[in-house]
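**Q** Just one file: entry.cif, with mmCIF, C-alpha atoms.
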data_model
#
loop_
_atom_site.label_atom_id
_atom_site.label_comp_id
_atom_site.auth_asym_id
_atom_site.auth_seq_id
_atom_site.Cartn_x
_atom_site.Cartn_y
_atom_site.Cartn_z
CA MET A 171 149.88 -7.13 -119.67
CA GLU A 172 153.27 -7.38 -118.04
CA ASN A 173 156.21 -7.80 -120.35
CA SER A 174 158.93 -10.24 -119.45
CA THR A 175 161.35 -7.54 -118.31
CA ASP A 176 158.87 -6.17 -115.82
CA HIS A 177 158.17 -9.67 -114.65
CA ALA A 178 161.86 -10.41 -114.12
CA GLU A 179 162.25 -7.21 -112.13
CA GLN A 180 159.28 -8.12 -109.99
CA VAL A 181 160.75 -11.53 -109.21
CA VAL A 182 164.05 -9.96 -108.21
CA ASP A 183 162.26 -7.42 -106.07
CA ASP A 184 160.18 -10.09 -104.34
CA LEU A 185 163.24 -12.21 -103.69
CA SER A 186 165.23 -9.31 -102.34
CA ALA A 187 162.40 -8.14 -100.09
CA PHE A 188 161.84 -11.68 -98.89
CA LYS A 189 165.50 -12.23 -98.01
CA LEU A 190 165.81 -8.88 -96.28
CA ALA A 191 162.58 -9.43 -94.36
CA PHE A 192 163.56 -12.89 -93.16
CA ARG A 193 166.96 -11.61 -92.12
CA ARG A 194 165.05 -9.47 -89.60
CA LEU A 195 163.43 -12.53 -88.02
CA ALA A 196 165.53 -14.31 -85.44
CA ALA A 197 165.29 -18.09 -85.23
CA GLY A 198 166.06 -20.79 -82.73
CA VAL A 199 168.54 -23.36 -83.99
CA SER A 200 167.84 -27.09 -84.04
CA ALA A 201 169.37 -30.11 -85.72
CA VAL A 202 167.53 -33.01 -87.34
CA THR A 203 169.11 -36.44 -87.79
CA ALA A 204 167.98 -39.70 -89.38
CA ARG A 205 169.31 -42.80 -91.15
CA ASP A 206 169.21 -43.12 -94.91
CA PRO A 207 167.92 -46.35 -96.51
CA ASP A 208 171.48 -47.76 -96.41
CA GLY A 209 171.75 -47.06 -92.68
CA ARG A 210 174.10 -44.11 -92.97
CA PRO A 211 173.52 -41.22 -90.56
CA VAL A 212 172.28 -37.99 -92.14
CA GLY A 213 171.40 -34.68 -90.57
CA PHE A 214 171.18 -30.95 -90.94
CA THR A 215 170.93 -27.75 -88.96
CA ALA A 216 167.43 -26.22 -89.15
CA THR A 217 166.06 -22.81 -88.27
CA SER A 218 162.47 -23.73 -89.17
CA LEU A 219 161.56 -26.04 -86.29
CA ALA A 220 158.20 -25.02 -84.82
CA SER A 221 155.60 -26.44 -82.50
CA LEU A 222 152.33 -27.33 -84.23
CA ALA A 223 150.33 -28.73 -81.32
CA ALA A 224 150.85 -29.93 -77.76
CA VAL A 225 148.13 -32.60 -77.79
CA PRO A 226 149.15 -34.70 -79.59
CA PRO A 227 152.71 -33.32 -79.51
CA LEU A 228 153.40 -32.26 -83.10
CA ALA A 229 156.16 -30.20 -84.67
CA THR A 230 157.13 -29.08 -88.15
CA PHE A 231 160.32 -28.30 -90.03
CA ASN A 232 161.03 -27.27 -93.60
CA MET A 233 163.65 -28.57 -96.01
CA ALA A 234 164.72 -28.53 -99.65
CA ARG A 235 164.01 -31.69 -101.61
CA VAL A 236 167.35 -31.22 -103.35
CA SER A 237 169.22 -31.42 -100.03
CA SER A 238 171.53 -34.28 -99.15
CA ALA A 239 169.18 -35.52 -96.41
CA TRP A 240 165.97 -35.56 -98.47
CA ARG A 241 166.29 -39.20 -99.59
CA ALA A 242 166.49 -40.26 -95.94
CA ILE A 243 163.65 -38.02 -94.77
CA GLU A 244 161.49 -39.17 -97.69
CA GLN A 245 161.91 -42.83 -96.79
CA THR A 246 162.40 -43.09 -93.04
CA ASP A 247 159.68 -43.17 -90.42
CA HIS A 248 161.60 -41.50 -87.61
CA VAL A 249 163.95 -38.60 -86.97
CA ILE A 250 165.67 -37.14 -83.95
CA ILE A 251 165.13 -33.41 -83.38
CA HIS A 252 167.66 -31.64 -81.18
CA MET A 253 167.22 -28.26 -79.54
CA LEU A 254 170.67 -26.68 -79.63
CA GLY A 255 172.11 -24.48 -76.90
CA SER A 256 174.88 -21.93 -77.16
CA ARG A 257 177.40 -24.60 -76.11
CA ASN A 258 176.41 -26.50 -79.29
CA ARG A 259 177.46 -23.81 -81.74
CA ARG A 260 180.25 -25.99 -83.17
CA VAL A 261 177.79 -28.86 -83.70
CA ALA A 262 175.42 -26.45 -85.48
CA GLU A 263 178.28 -25.57 -87.84
CA ILE A 264 179.25 -29.21 -88.38
CA MET A 265 175.65 -30.15 -89.22
CA ALA A 266 175.49 -27.29 -91.72
CA GLY A 267 178.87 -28.09 -93.26
CA ASP A 268 180.11 -30.67 -95.77
CA HIS A 269 177.50 -33.41 -95.67
CA ASP A 270 180.12 -36.12 -96.15
CA HIS A 271 181.70 -35.23 -92.81
CA ARG A 272 178.81 -34.32 -90.53
CA PHE A 273 179.19 -37.53 -88.54
CA ASP A 274 182.99 -37.67 -88.44
CA GLY A 275 183.89 -37.50 -84.76
CA ASP A 276 182.42 -38.39 -81.40
CA HIS A 277 179.80 -35.61 -81.17
CA TRP A 278 177.02 -38.19 -81.62
CA ALA A 279 176.07 -41.73 -80.65
CA PRO A 280 173.34 -44.16 -81.70
CA GLY A 281 170.11 -43.64 -79.75
CA PRO A 282 166.54 -44.96 -80.02
CA LEU A 283 165.99 -47.10 -83.14
CA GLY A 284 169.72 -46.66 -83.79
CA LEU A 285 169.15 -43.07 -84.84
CA PRO A 286 172.02 -40.60 -84.40
CA VAL A 287 171.67 -38.54 -81.22
CA LEU A 288 173.90 -35.49 -80.88
CA LYS A 289 175.63 -35.35 -77.50
CA ASP A 290 175.28 -32.73 -74.79
CA VAL A 291 172.24 -30.91 -76.19
CA PRO A 292 169.64 -29.23 -73.92
CA ALA A 293 166.87 -31.45 -75.32
CA TRP A 294 166.21 -34.00 -78.02
CA MET A 295 163.03 -35.70 -79.16
CA LEU A 296 162.22 -38.80 -81.18
CA GLY A 297 159.72 -37.85 -83.87
CA ARG A 298 157.62 -40.09 -86.09
CA ILE A 299 157.03 -38.53 -89.50
CA VAL A 300 153.26 -38.16 -89.95
CA GLY A 301 153.23 -35.79 -92.92
CA ARG A 302 155.43 -34.73 -95.84
CA TYR A 303 153.98 -31.89 -97.89
CA PRO A 304 155.94 -31.09 -101.05
CA VAL A 305 155.76 -27.45 -102.19
CA HIS A 306 157.76 -26.71 -105.36
CA GLU A 307 161.30 -28.03 -104.66
CA ASN A 308 160.78 -28.04 -100.90
CA ALA A 309 158.79 -29.88 -98.28
CA VAL A 310 157.11 -29.26 -94.96
CA ILE A 311 157.66 -32.22 -92.62
CA VAL A 312 155.27 -32.92 -89.73
CA VAL A 313 156.43 -35.14 -86.87
CA GLN A 314 154.66 -36.53 -83.85
CA ILE A 315 156.92 -36.64 -80.80
CA GLU A 316 157.13 -40.11 -79.27
CA ASP A 317 160.01 -39.85 -76.84
CA GLY A 318 162.68 -37.46 -75.71
CA SER A 319 165.27 -36.50 -73.18
CA LEU A 320 166.32 -33.31 -71.47
CA GLY A 321 170.01 -32.54 -70.99
CA ASP A 322 171.75 -29.85 -68.97
CA THR A 323 170.14 -26.48 -69.45
CA ASP A 324 171.88 -23.88 -71.56
CA GLU A 325 171.21 -20.56 -73.18
CA ALA A 326 169.30 -21.11 -76.42
CA LEU A 327 171.22 -20.85 -79.67
CA LEU A 328 169.85 -18.25 -82.07
CA TYR A 329 170.54 -17.48 -85.71
CA HIS A 330 169.97 -13.90 -86.80
CA GLU A 331 171.53 -11.63 -89.41
CA ARG A 332 173.68 -14.63 -90.44
CA THR A 333 175.25 -14.92 -86.98
CA PHE A 334 174.89 -17.37 -84.09
CA LEU A 335 173.76 -15.50 -80.99
CA ARG A 336 172.69 -16.00 -77.40
CA PRO A 337 169.42 -14.55 -76.06
CA GLY A 338 169.77 -11.07 -74.56
CA ASP A 339 167.83 -8.76 -72.27
CA PRO A 340 164.06 -8.59 -71.88
CA ALA A 341 162.36 -6.58 -74.64
CA MET B 274 148.93 -54.69 -73.86
CA GLU B 275 149.03 -51.30 -72.26
CA ASN B 276 146.34 -50.55 -69.79
CA SER B 277 144.65 -47.19 -69.86
CA THR B 278 146.58 -45.87 -66.86
CA ASP B 279 149.92 -46.60 -68.49
CA HIS B 280 148.70 -44.99 -71.65
CA ALA B 281 147.58 -41.87 -69.80
CA GLU B 282 150.96 -41.63 -68.08
CA GLN B 283 152.75 -41.97 -71.39
CA VAL B 284 150.68 -39.17 -72.89
CA VAL B 285 151.49 -36.95 -69.93
CA ASP B 286 155.18 -37.81 -70.16
CA ASP B 287 155.29 -37.06 -73.88
CA LEU B 288 153.44 -33.81 -73.39
CA SER B 289 155.66 -32.76 -70.53
CA ALA B 290 158.85 -33.61 -72.42
CA PHE B 291 157.54 -31.84 -75.49
CA LYS B 292 156.67 -28.67 -73.62
CA LEU B 293 159.96 -28.60 -71.74
CA ALA B 294 161.93 -29.26 -74.91
CA PHE B 295 160.18 -26.52 -76.88
CA ARG B 296 160.69 -24.10 -74.03
CA ARG B 297 164.42 -24.50 -74.71
CA LEU B 298 164.02 -23.39 -78.32
CA ALA B 299 163.97 -19.64 -78.84
CA ALA B 300 161.72 -18.25 -81.55
CA GLY B 301 161.44 -15.07 -83.54
CA VAL B 302 158.11 -13.29 -83.13
CA SER B 303 155.87 -12.37 -86.05
CA ALA B 304 152.25 -11.34 -86.45
CA VAL B 305 149.81 -12.50 -89.12
CA THR B 306 146.76 -10.45 -90.13
CA ALA B 307 143.89 -11.00 -92.55
CA ARG B 308 140.23 -10.11 -93.15
CA ASP B 309 137.46 -12.52 -92.26
CA PRO B 310 134.64 -13.21 -94.75
CA ASP B 311 132.69 -10.27 -93.26
CA GLY B 312 135.62 -7.93 -93.77
CA ARG B 313 136.62 -7.70 -90.12
CA PRO B 314 140.36 -7.59 -89.37
CA VAL B 315 141.77 -10.66 -87.63
CA GLY B 316 145.28 -11.46 -86.54
CA PHE B 317 147.54 -13.26 -84.13
CA THR B 318 151.08 -13.34 -82.83
CA ALA B 319 153.04 -16.31 -84.17
CA THR B 320 156.31 -17.94 -83.17
CA SER B 321 156.19 -20.51 -85.96
CA LEU B 322 156.95 -18.35 -89.00
CA ALA B 323 159.68 -19.97 -91.08
CA SER B 324 161.16 -19.61 -94.53
CA LEU B 325 160.41 -22.54 -96.83
CA ALA B 326 162.13 -21.39 -100.04
CA ALA B 327 163.64 -18.27 -101.57
CA VAL B 328 162.71 -19.05 -105.20
CA PRO B 329 159.79 -18.77 -105.30
CA PRO B 330 159.63 -16.93 -101.97
CA LEU B 331 157.64 -19.23 -99.68
CA ALA B 332 157.04 -19.24 -95.94
CA THR B 333 155.07 -21.32 -93.46
CA PHE B 334 153.30 -20.76 -90.17
CA ASN B 335 151.28 -23.02 -87.91
CA MET B 336 147.95 -22.39 -86.20
CA ALA B 337 145.14 -24.09 -84.33
CA ARG B 338 141.94 -24.65 -86.29
CA VAL B 339 140.00 -23.79 -83.15
CA SER B 340 141.57 -20.31 -83.01
CA SER B 341 139.57 -17.14 -83.57
CA ALA B 342 141.40 -16.42 -86.83
CA TRP B 343 140.96 -19.83 -88.42
CA ARG B 344 137.72 -18.98 -90.27
CA ALA B 345 139.47 -16.06 -91.94
CA ILE B 346 142.64 -18.00 -92.79
CA GLU B 347 140.54 -20.89 -94.13
CA GLN B 348 138.63 -18.64 -96.52
CA THR B 349 140.88 -15.76 -97.51
CA ASP B 350 143.50 -15.79 -100.25
CA HIS B 351 145.92 -13.34 -98.69
CA VAL B 352 147.53 -12.47 -95.37
CA ILE B 353 150.04 -9.92 -94.15
CA ILE B 354 153.02 -11.31 -92.27
CA HIS B 355 154.91 -8.89 -90.03
CA MET B 356 158.41 -9.39 -88.64
CA LEU B 357 158.29 -7.80 -85.19
CA GLY B 358 161.15 -5.88 -83.59
CA SER B 359 161.78 -5.22 -79.93
CA ARG B 360 159.96 -1.86 -80.27
CA ASN B 361 156.83 -3.89 -81.22
CA ARG B 362 156.59 -5.81 -77.97
CA ARG B 363 153.30 -4.12 -77.05
CA VAL B 364 151.82 -4.98 -80.44
CA ALA B 365 152.91 -8.60 -79.95
CA GLU B 366 150.97 -8.62 -76.68
CA ILE B 367 147.90 -6.97 -78.22
CA MET B 368 147.85 -9.50 -81.06
CA ALA B 369 148.06 -12.34 -78.52
CA GLY B 370 145.40 -10.84 -76.23
CA ASP B 371 141.60 -10.72 -76.30
CA HIS B 372 140.69 -11.32 -79.92
CA ASP B 373 137.77 -8.89 -79.74
CA HIS B 374 140.17 -6.01 -79.08
CA ARG B 375 143.23 -6.74 -81.21
CA PHE B 376 142.37 -3.97 -83.67
CA ASP B 377 141.19 -1.37 -81.16
CA GLY B 378 143.54 1.57 -81.58
CA ASP B 379 145.74 3.15 -84.20
CA HIS B 380 148.53 0.56 -84.25
CA TRP B 381 147.41 -0.58 -87.73
CA ALA B 382 146.06 0.77 -91.01
CA PRO B 383 144.58 -0.79 -94.17
CA GLY B 384 147.27 -1.82 -96.65
CA PRO B 385 147.34 -3.83 -99.89
CA LEU B 386 143.95 -5.43 -100.70
CA GLY B 387 142.61 -3.59 -97.64
CA LEU B 388 144.46 -6.00 -95.37
CA PRO B 389 145.48 -4.76 -91.91
CA VAL B 390 149.12 -3.69 -91.78
CA LEU B 391 150.65 -3.15 -88.34
CA LYS B 392 152.53 0.12 -88.10
CA ASP B 393 156.23 0.69 -87.47
CA VAL B 394 157.40 -2.90 -87.95
CA PRO B 395 160.87 -3.74 -89.32
CA ALA B 396 159.33 -5.64 -92.25
CA TRP B 397 156.00 -6.87 -93.57
CA MET B 398 155.09 -9.06 -96.51
CA LEU B 399 151.91 -9.74 -98.48
CA GLY B 400 151.47 -13.50 -98.74
CA ARG B 401 149.12 -15.46 -100.97
CA ILE B 402 148.00 -18.68 -99.31
CA VAL B 403 149.10 -21.58 -101.53
CA GLY B 404 148.62 -24.45 -99.07
CA ARG B 405 146.60 -25.32 -95.98
CA TYR B 406 147.51 -28.69 -94.47
CA PRO B 407 145.23 -29.80 -91.62
CA VAL B 408 146.89 -32.02 -89.00
CA HIS B 409 144.56 -33.06 -86.17
CA GLU B 410 143.07 -29.81 -84.81
CA ASN B 411 145.81 -27.67 -86.33
CA ALA B 412 147.04 -26.57 -89.73
CA VAL B 413 150.27 -25.71 -91.49
CA ILE B 414 149.78 -22.70 -93.77
CA VAL B 415 152.06 -22.11 -96.77
CA VAL B 416 152.21 -18.63 -98.31
CA GLN B 417 153.94 -17.28 -101.38
CA ILE B 418 155.25 -13.76 -100.84
CA GLU B 419 153.96 -11.31 -103.45
CA ASP B 420 154.90 -7.92 -102.03
CA GLY B 421 156.42 -6.36 -98.97
CA SER B 422 157.98 -3.37 -97.34
CA LEU B 423 160.94 -2.78 -95.06
CA GLY B 424 160.60 -0.33 -92.16
CA ASP B 425 163.20 1.11 -89.83
CA THR B 426 165.59 -1.53 -88.58
CA ASP B 427 165.28 -2.77 -85.01
CA GLU B 428 166.56 -5.51 -82.80
CA ALA B 429 164.57 -8.68 -83.48
CA LEU B 430 161.88 -9.66 -80.97
CA LEU B 431 162.37 -13.12 -79.47
CA TYR B 432 160.15 -15.35 -77.38
CA HIS B 433 161.93 -17.78 -75.10
CA GLU B 434 161.15 -19.31 -71.72
CA ARG B 435 157.78 -17.47 -71.88
CA THR B 436 159.48 -14.07 -72.06
CA PHE B 437 159.97 -11.49 -74.82
CA LEU B 438 163.70 -10.89 -75.31
CA ARG B 439 166.19 -9.05 -77.49
CA PRO B 440 169.07 -10.86 -79.20
CA GLY B 441 172.27 -10.95 -77.15
CA ASP B 442 175.95 -11.60 -77.69
CA PRO B 443 177.49 -13.89 -80.28
CA ALA B 444 177.47 -17.56 -79.29
#
Reformat the file's structure so that it appears as structure tokens.

**A**
Amino acid sequence: MENSTDHAEQVVDDLSAFKLAFRRLAAGVSAVTARDPDGRPVGFTATSLASLAAVPPLATFNMARVSSAWRAIEQTDHVIIHMLGSRNRRVAEIMAGDHDHRFDGDHWAPGPLGLPVLKDVPAWMLGRIVGRYPVHENAVIVVQIEDGSLGDTDEALLYHERTFLRPGDPA
Amino acid sequence: MENSTDHAEQVVDDLSAFKLAFRRLAAGVSAVTARDPDGRPVGFTATSLASLAAVPPLATFNMARVSSAWRAIEQTDHVIIHMLGSRNRRVAEIMAGDHDHRFDGDHWAPGPLGLPVLKDVPAWMLGRIVGRYPVHENAVIVVQIEDGSLGDTDEALLYHERTFLRPGDPA
């Protein structure tokens, strides 16, 4: 049988390996916005946005249920998902910063269903939440895309090794 | 009421917008391997791998339930998740190619629990499947990381605009 010291070491080792491994995976950067039950805009920068299916158009993102936006995501039917480009780096930082000030300024405007749409992004989509799967203190959210708009093209915005990057040369 | 032509157009528009929008999101490239119930190695290249939590270490990936690997993922308890680097571009192509030939060659070896481990990757992790959430013809898979190994560092491998890329300059 494991003793508690061994177990604690194992947990630390797993966590360390996990963090180091995920640091080696680059991610595209997106931002999710919604309205909370009182109508206030909420949002966050996400590196977990992924396509789930094309027909019907489905996507997923992950979030902590202790995050400032969880109450909104838990109760609303719709979100806006934004694909961020390298020109949106400042917006990515704002939407990952102090949650009381993420909508201070003119970097957004009300869009479909009154939801906050971030300006000047390469693409945004209106998503209807069709699944919320709690796992420990977190949740996987599944959305079905119902509408969207393409903006001016841009280099994608990446997050890798704790830095915002542009795409580089062919591998 | 919508007539069927309008509805068909709307579906096409949604699909088109969805595909164009997701093309503007860059993704890190990973590969997932497992054993099917007959012990045969299965695997696939994934662009949906995302961290869900650090404590406990949880990750998610998405797949089609019509894919060649679904039977294995549906029935096995464990998978290996590999973070691919730019030196693994060929392996990424093999693991996205003809599923009868993905394990032809010496680019892998049996690892923990006999699972196929791809060689010379920047990082791999042993994941225990703790959730399978079917959504239409697809599924979100949640794994808890139980073990792992770091290899030589490398530039991350990206997939964007249908091309494998390296990370570039700061945004």

**Q** Check which residues satisfy the PyMOL selection byres ((chain A) within 6 of (chain B)) in the file shown, then give them as a list of chain:residue names.

**A** A:Ala191, A:Leu195, A:Ala196, A:Ala197, A:Gly198, A:Ser218, A:Ala220, A:Leu222, A:Asn232, A:Met253, A:Ser256, A:Ala293, A:Phe334, A:Leu335, A:Arg336, A:Pro337, A:Gly338, A:Asp339, A:Pro340, A:Ala341

**Q** What separation in Å, quoted to one decimal, exists between CA of Ser341 in chain B and CA of Leu391 in chain B?

**A**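 CA of Leu391 in chain B lies at a distance of 18.5 Å from CA of Ser341 in chain B.
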
**Q** What does the structure give for the distance between CA of Gly281 in chain A and CA of Val249 in chain A, in Å to one decimal?

**A**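 Going from CA of Gly281 in chain A over to CA of Val249 in chain A covers 10.7 Å.
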
**Q** Name the residues that the PyMOL selection byres ((chain B and resi 305) around 6) pulls out of this structure, and write them as a list in words.

**A**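 For this structure, the PyMOL selection byres ((chain B and resi 305) around 6) captures Ala304, Thr306, Gly316, Phe317, Ile353 and Ile354 of chain B.
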
**Q** Between CA of Ile402 in chain B and CA of Ile299 in chain A, what is the distance, to one decimal in Å?

**A**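 Computed distance, CA of Ile402 in chain B to CA of Ile299 in chain A, equals 23.9 Å.
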
**Q** Take chain A, superimpose it onto chain B by least squares using every C-alpha atom paired in sequence order, and output the result as a short mmCIF file (atom, residue, chain, number, x, y, z; two decimals) with C-alpha atoms, in the coordinates of the input.

**A**
data_model
loop_
_atom_site.label_atom_id
_atom_site.label_comp_id
_atom_site.auth_asym_id
_atom_site.auth_seq_id
_atom_site.Cartn_x
_atom_site.Cartn_y
_atom_site.Cartn_z
CA MET A 171 149.69 -54.92 -74.15
CA GLU A 172 149.61 -51.54 -72.50
CA ASN A 173 146.83 -50.94 -70.04
CA SER A 174 145.02 -47.64 -70.06
CA THR A 175 146.82 -46.33 -66.98
CA ASP A 176 150.20 -46.87 -68.55
CA HIS A 177 148.95 -45.24 -71.70
CA ALA A 178 147.70 -42.18 -69.82
CA GLU A 179 151.04 -41.85 -68.07
CA GLN A 180 152.85 -42.07 -71.37
CA VAL A 181 150.72 -39.30 -72.84
CA VAL A 182 151.41 -37.07 -69.86
CA ASP A 183 155.10 -37.82 -70.08
CA ASP A 184 155.20 -37.05 -73.80
CA LEU A 185 153.33 -33.81 -73.30
CA SER A 186 155.53 -32.72 -70.45
CA ALA A 187 158.73 -33.57 -72.32
CA PHE A 188 157.43 -31.81 -75.40
CA LYS A 189 156.55 -28.62 -73.53
CA LEU A 190 159.84 -28.56 -71.65
CA ALA A 191 161.81 -29.23 -74.82
CA PHE A 192 160.09 -26.50 -76.80
CA ARG A 193 160.59 -24.07 -73.95
CA ARG A 194 164.32 -24.50 -74.64
CA LEU A 195 163.92 -23.38 -78.25
CA ALA A 196 163.90 -19.64 -78.78
CA ALA A 197 161.66 -18.23 -81.50
CA GLY A 198 161.40 -15.07 -83.53
CA VAL A 199 158.09 -13.28 -83.12
CA SER A 200 155.84 -12.36 -86.04
CA ALA A 201 152.24 -11.30 -86.46
CA VAL A 202 149.80 -12.47 -89.12
CA THR A 203 146.77 -10.42 -90.16
CA ALA A 204 143.89 -10.96 -92.58
CA ARG A 205 140.24 -10.06 -93.16
CA ASP A 206 137.45 -12.45 -92.27
CA PRO A 207 134.64 -13.11 -94.78
CA ASP A 208 132.69 -10.17 -93.30
CA GLY A 209 135.65 -7.83 -93.81
CA ARG A 210 136.64 -7.59 -90.17
CA PRO A 211 140.37 -7.50 -89.41
CA VAL A 212 141.76 -10.57 -87.65
CA GLY A 213 145.27 -11.39 -86.56
CA PHE A 214 147.51 -13.19 -84.15
CA THR A 215 151.04 -13.28 -82.83
CA ALA A 216 152.99 -16.29 -84.16
CA THR A 217 156.25 -17.91 -83.13
CA SER A 218 156.14 -20.51 -85.92
CA LEU A 219 156.91 -18.36 -88.96
CA ALA A 220 159.64 -20.00 -91.05
CA SER A 221 161.13 -19.67 -94.49
CA LEU A 222 160.36 -22.61 -96.78
CA ALA A 223 162.09 -21.50 -99.98
CA ALA A 224 163.61 -18.39 -101.52
CA VAL A 225 162.70 -19.19 -105.13
CA PRO A 226 159.77 -18.89 -105.25
CA PRO A 227 159.62 -17.02 -101.93
CA LEU A 228 157.60 -19.30 -99.64
CA ALA A 229 157.00 -19.28 -95.90
CA THR A 230 155.02 -21.33 -93.42
CA PHE A 231 153.23 -20.75 -90.13
CA ASN A 232 151.21 -22.99 -87.86
CA MET A 233 147.88 -22.34 -86.17
CA ALA A 234 145.05 -24.02 -84.28
CA ARG A 235 141.86 -24.56 -86.23
CA VAL A 236 139.92 -23.68 -83.09
CA SER A 237 141.51 -20.21 -82.97
CA SER A 238 139.55 -17.03 -83.54
CA ALA A 239 141.37 -16.33 -86.82
CA TRP A 240 140.91 -19.76 -88.41
CA ARG A 241 137.66 -18.90 -90.24
CA ALA A 242 139.44 -16.00 -91.93
CA ILE A 243 142.59 -17.95 -92.77
CA GLU A 244 140.49 -20.84 -94.10
CA GLN A 245 138.60 -18.59 -96.50
CA THR A 246 140.88 -15.73 -97.50
CA ASP A 247 143.48 -15.79 -100.23
CA HIS A 248 145.92 -13.33 -98.69
CA VAL A 249 147.53 -12.46 -95.37
CA ILE A 250 150.04 -9.92 -94.17
CA ILE A 251 153.03 -11.32 -92.26
CA HIS A 252 154.92 -8.90 -90.05
CA MET A 253 158.39 -9.40 -88.64
CA LEU A 254 158.29 -7.79 -85.20
CA GLY A 255 161.17 -5.90 -83.62
CA SER A 256 161.79 -5.21 -79.96
CA ARG A 257 160.00 -1.86 -80.31
CA ASN A 258 156.86 -3.86 -81.25
CA ARG A 259 156.59 -5.78 -78.00
CA ARG A 260 153.32 -4.04 -77.08
CA VAL A 261 151.84 -4.92 -80.49
CA ALA A 262 152.91 -8.55 -79.97
CA GLU A 263 150.96 -8.54 -76.70
CA ILE A 264 147.92 -6.87 -78.26
CA MET A 265 147.84 -9.43 -81.09
CA ALA A 266 148.02 -12.24 -78.54
CA GLY A 267 145.38 -10.72 -76.27
CA ASP A 268 141.58 -10.55 -76.33
CA HIS A 269 140.67 -11.17 -79.96
CA ASP A 270 137.77 -8.73 -79.79
CA HIS A 271 140.17 -5.85 -79.16
CA ARG A 272 143.24 -6.62 -81.26
CA PHE A 273 142.41 -3.86 -83.73
CA ASP A 274 141.21 -1.24 -81.24
CA GLY A 275 143.60 1.68 -81.66
CA ASP A 276 145.80 3.24 -84.30
CA HIS A 277 148.58 0.61 -84.34
CA TRP A 278 147.45 -0.54 -87.80
CA ALA A 279 146.12 0.81 -91.08
CA PRO A 280 144.65 -0.75 -94.23
CA GLY A 281 147.34 -1.80 -96.71
CA PRO A 282 147.40 -3.83 -99.94
CA LEU A 283 144.02 -5.41 -100.75
CA GLY A 284 142.70 -3.54 -97.70
CA LEU A 285 144.48 -5.96 -95.41
CA PRO A 286 145.51 -4.72 -91.95
CA VAL A 287 149.16 -3.67 -91.82
CA LEU A 288 150.69 -3.13 -88.39
CA LYS A 289 152.59 0.15 -88.17
CA ASP A 290 156.28 0.69 -87.53
CA VAL A 291 157.44 -2.91 -87.98
CA PRO A 292 160.91 -3.79 -89.36
CA ALA A 293 159.35 -5.68 -92.29
CA TRP A 294 156.02 -6.90 -93.58
CA MET A 295 155.11 -9.09 -96.52
CA LEU A 296 151.95 -9.76 -98.49
CA GLY A 297 151.47 -13.52 -98.74
CA ARG A 298 149.13 -15.50 -100.97
CA ILE A 299 147.96 -18.69 -99.29
CA VAL A 300 149.06 -21.61 -101.49
CA GLY A 301 148.55 -24.46 -99.03
CA ARG A 302 146.54 -25.31 -95.91
CA TYR A 303 147.41 -28.67 -94.40
CA PRO A 304 145.13 -29.74 -91.55
CA VAL A 305 146.77 -31.98 -88.92
CA HIS A 306 144.43 -33.01 -86.08
CA GLU A 307 142.96 -29.72 -84.74
CA ASN A 308 145.72 -27.61 -86.27
CA ALA A 309 146.96 -26.52 -89.66
CA VAL A 310 150.18 -25.70 -91.44
CA ILE A 311 149.71 -22.70 -93.73
CA VAL A 312 152.00 -22.13 -96.73
CA VAL A 313 152.18 -18.66 -98.29
CA GLN A 314 153.91 -17.34 -101.35
CA ILE A 315 155.26 -13.82 -100.82
CA GLU A 316 153.99 -11.38 -103.44
CA ASP A 317 154.96 -8.00 -102.05
CA GLY A 318 156.47 -6.41 -98.99
CA SER A 319 158.04 -3.43 -97.37
CA LEU A 320 160.98 -2.83 -95.09
CA GLY A 321 160.67 -0.38 -92.20
CA ASP A 322 163.28 1.06 -89.86
CA THR A 323 165.64 -1.59 -88.60
CA ASP A 324 165.33 -2.81 -85.04
CA GLU A 325 166.58 -5.56 -82.81
CA ALA A 326 164.56 -8.72 -83.48
CA LEU A 327 161.89 -9.66 -80.98
CA LEU A 328 162.34 -13.11 -79.46
CA TYR A 329 160.10 -15.32 -77.35
CA HIS A 330 161.85 -17.76 -75.05
CA GLU A 331 161.04 -19.29 -71.67
CA ARG A 332 157.70 -17.41 -71.85
CA THR A 333 159.43 -14.01 -72.04
CA PHE A 334 159.95 -11.44 -74.80
CA LEU A 335 163.66 -10.88 -75.31
CA ARG A 336 166.16 -9.06 -77.48
CA PRO A 337 169.05 -10.89 -79.19
CA GLY A 338 172.24 -11.00 -77.13
CA ASP A 339 175.93 -11.67 -77.65
CA PRO A 340 177.48 -13.96 -80.25
CA ALA A 341 177.40 -17.64 -79.23
#
